[in-house]
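*Asks:* For reference, the structure I am asking about is given below.
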Amino acid sequence: MILGLVDEAVTAGARQHKACQLLGLDPRTLQRWRAQGIGEDRRAGPMQVPANKLSAAERAKVLEVVNSVEFRDVSPKQIVPILAERDEYLASESTIYRLLREEGQMAHREPSRPPTKRQPPKAKVATGPNQVWSWDITYLRSPIRGLFFHLQVVIDVWSRKLVGWTVHEEESAEHASAMIEAACVREGVQRGQLVLHSDNGGPMKGATLLALLQDLGVVASFGRPRVATTTPSRRPCSER
């Protein structure tokens, strides 16, 4: 590739020594590569074998140890210290990684669960009134600075009708239960007819409200944790 780049630059009108200077290459090195027939992007490499190169028996010993029952789920970063505590030394951490890479064994070396396919939550879509309601709590300013009222609102996802609302000085599951029970009576909701969707706030998941919904035959639906955009409008909501 380097020889090709230099030839391309020279063909385009550049001087060879300028092209070599840009690549950080000495022109004499380029001439030597051409004379020796090293070829495209292939270095001749060291002429001598390193004195500390592992022999075939030593390579086999390292692979045998790292693939043993004791170390097959352990990374080389952990294997080397464990062996050092036993006064054993086979190879350095980088050498073990290189051997594993050359042998095609750089896979996940720790126990893990098999992949499982997870299904998305079942969606509820409103096709008419009083099928899916959504409710939430917000703050209302009061005449006194730092003091707020709590507005609880229930809306029908299909018709956008405001089926219930209350304002209180404090936020509680008891107030929410009274509001939703009154709305169900007022709208004539039957058992198994309604899904009530909300976020994961404290009043929404309080035992008082959940017990009331069970008595009324209303299905409780909650958005994903820590996701503030799952309160439905006309979009599907997840049944949990």
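FYI, nothing fancy with the structure tokens labels: chains A, B, ... in order, residues from 1 per chain, ligands from 1 as they appear.
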Step one, run DSSP on the backbone; step two, keep only residues of stretch 71-240 of chain A assigned to strand (DSSP E or B); then write them as an MDAnalysis selection string.
*Replies:* chainID A and resid 123:124 132:141 148:156 162:168 195:198 219:222 237:238
*Asks:* Neighbouring residues of A:Arg186 were defined as those with any atom within 12 Å, considering only C-alpha atoms; residues of the same chain fewer than 4 positions away were excluded. Please report them as a list of chain:residue names.
*Replies:*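 The residues that qualify are A:Asn130, A:Leu162, A:Val163, A:Gly164, A:Met179, A:Ile180, A:Glu181, A:Ala182, A:Gln190.
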*Asks:* Applying 12 Å and only C-alpha atoms, which residues near A:Ala60 remain after dropping the ones on its own chain fewer than 3 positions away? List them as a ChimeraX atom specification.
*Replies:* /A:54-57,63-67,90-91,96,99-100,103
*Asks:* Quick one: residues within 12 Å of A:Arg141, only C-alpha atoms counted, chain neighbours fewer than 6 positions away excluded, as a PyMOL selection string?
*Replies:* chain A and resi 147-151+167-169
*Asks:* Restricted to N, CA and C atoms, what would the selected residues look like written as a CSV table (one decimal), in the first residue's frame?
*Replies:*
chain,number,residue,atom,x,y,z
A,147,LEU,N,-45.6,26.7,48.3
A,147,LEU,CA,-46.7,25.8,48.7
A,147,LEU,C,-47.5,25.5,47.4
A,148,PHE,N,-47.7,24.2,47.2
A,148,PHE,CA,-48.4,23.7,46.0
A,148,PHE,C,-49.6,22.8,46.3
A,149,PHE,N,-50.5,22.8,45.4
A,149,PHE,CA,-51.6,21.9,45.5
A,149,PHE,C,-51.3,20.7,44.5
A,150,HIS,N,-51.9,19.6,44.7
A,150,HIS,CA,-51.7,18.4,43.9
A,150,HIS,C,-53.0,18.2,43.1
A,151,LEU,N,-52.9,18.3,41.8
A,151,LEU,CA,-54.0,18.1,40.9
A,151,LEU,C,-53.9,16.7,40.3
A,167,VAL,N,-58.3,18.0,43.5
A,167,VAL,CA,-57.2,18.9,44.0
A,167,VAL,C,-57.1,18.7,45.5
A,168,HIS,N,-55.9,18.4,46.0
A,168,HIS,CA,-55.6,18.2,47.4
A,168,HIS,C,-54.3,18.9,47.8
A,169,GLU,N,-54.2,19.1,49.1
A,169,GLU,CA,-53.0,19.7,49.6
A,169,GLU,C,-51.8,18.7,49.7
*Asks:* With the cut-off set at 10 Å and counting only C-alpha atoms, tabulate each residue of stretch 75-159 of chain A with an atom at most that distance from an atom of stretch 202-207 of chain A, showing the nearest atom pair and its distance in Å to one decimal, ordered by chain and increasing number, as JSON lines.
*Replies:*
{"residue": "A:Trp135", "atom": "CA", "partner": "A:Met204", "partner_atom": "CA", "distance": 8.8}
{"residue": "A:Asp136", "atom": "CA", "partner": "A:Met204", "partner_atom": "CA", "distance": 8.3}
{"residue": "A:Ile137", "atom": "CA", "partner": "A:Pro203", "partner_atom": "CA", "distance": 9.1}
*Asks:* Would you mind exporting the chosen residues as a PDB file, in the first residue's frame, restricted to C-alpha atoms?
*Replies:*
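Resulting contents of selection_38.pdb:
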ATOM      1  CA  TRP A 135     -54.102   9.362  34.969  1.00  0.00           C
ATOM      2  CA  ASP A 136     -51.344  11.428  36.511  1.00  0.00           C
ATOM      3  CA  ILE A 137     -50.607  14.003  39.209  1.00  0.00           C
TER       4      ILE A 137
END
*Asks:* Find the distance between atom CA of A:Gln16 and atom CA of A:Arg34 and write it in Å to one decimal.
*Replies:*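 Computed distance, atom CA of A:Gln16 to atom CA of A:Arg34, equals 13.6 Å.
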*Asks:* At a cut-off of 12 Å, using only C-alpha atoms, what residues contact A:Tyr89? Leave out same-chain residues fewer than 2 positions from it and give the result as a ChimeraX atom specification.
*Replies:* /A:58,61-62,65,79-87,91-93,95-96
*Asks:* Print the selection's residues with C-alpha atoms to a file, as a compact mmCIF listing (two decimals), in the first residue's frame.
*Replies:*
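Output file again-v7.txt is given in full below:
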# COMPACT_ATOMS: atom_id res chain seq x y z
CA GLU A 58 5.85 -24.50 25.67
CA LYS A 61 1.69 -26.29 27.69
CA VAL A 62 0.27 -22.75 27.88
CA VAL A 65 -3.30 -24.77 31.15
CA ILE A 79 -4.57 -16.55 35.16
CA VAL A 80 -1.09 -15.02 35.41
CA PRO A 81 -1.50 -13.72 39.04
CA ILE A 82 -3.05 -17.01 40.15
CA LEU A 83 -0.10 -18.97 38.78
CA ALA A 84 2.35 -16.45 40.27
CA GLU A 85 0.95 -17.11 43.74
CA ARG A 86 1.85 -20.77 43.18
CA ASP A 87 5.39 -19.84 42.03
CA ALA A 91 4.15 -16.81 29.88
CA SER A 92 3.26 -13.17 30.21
CA GLU A 93 -0.29 -11.93 30.01
CA THR A 95 1.84 -13.63 25.28
CA ILE A 96 -1.14 -15.68 26.45
*Asks:* Just to confirm, what's the straight-line distance from atom CA of A:Ala126 to atom CA of A:Tyr139 in Å (one decimal)?
*Replies:*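 Atom-to-atom, atom CA of A:Ala126 and atom CA of A:Tyr139 are spaced 27.8 Å apart.
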*Asks:* Need to verify the contact set: A:Gly217, 6 Å, only C-alpha atoms, exclusion of same-chain residues closer than 2 positions in sequence. Can you return it as a ChimeraX atom specification?
*Replies:* /A:191-192,213-215
*Asks:* Atoms to include: N, CA and C atoms. Write the selected residues as a PDB file, in the first residue's frame.
*Replies:*
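And here is the file that came out, selection_34.pdb:
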ATOM      1  N   ARG A 191     -66.902  -4.667  35.303  1.00  0.00           N
ATOM      2  CA  ARG A 191     -65.712  -5.470  35.605  1.00  0.00           C
ATOM      3  C   ARG A 191     -65.089  -6.003  34.324  1.00  0.00           C
ATOM      4  N   GLY A 192     -63.767  -5.915  34.240  1.00  0.00           N
ATOM      5  CA  GLY A 192     -63.048  -6.417  33.085  1.00  0.00           C
ATOM      6  C   GLY A 192     -63.138  -5.519  31.873  1.00  0.00           C
ATOM      7  N   LEU A 213     -58.594  -1.297  42.651  1.00  0.00           N
ATOM      8  CA  LEU A 213     -58.698  -1.697  41.249  1.00  0.00           C
ATOM      9  C   LEU A 213     -59.046  -3.170  41.119  1.00  0.00           C
ATOM     10  N   GLN A 214     -58.485  -3.982  41.980  1.00  0.00           N
ATOM     11  CA  GLN A 214     -58.814  -5.409  41.949  1.00  0.00           C
ATOM     12  C   GLN A 214     -60.281  -5.634  42.292  1.00  0.00           C
ATOM     13  N   ASP A 215     -60.801  -4.895  43.265  1.00  0.00           N
ATOM     14  CA  ASP A 215     -62.212  -5.031  43.631  1.00  0.00           C
ATOM     15  C   ASP A 215     -63.128  -4.562  42.503  1.00  0.00           C
TER      16      ASP A 215
END
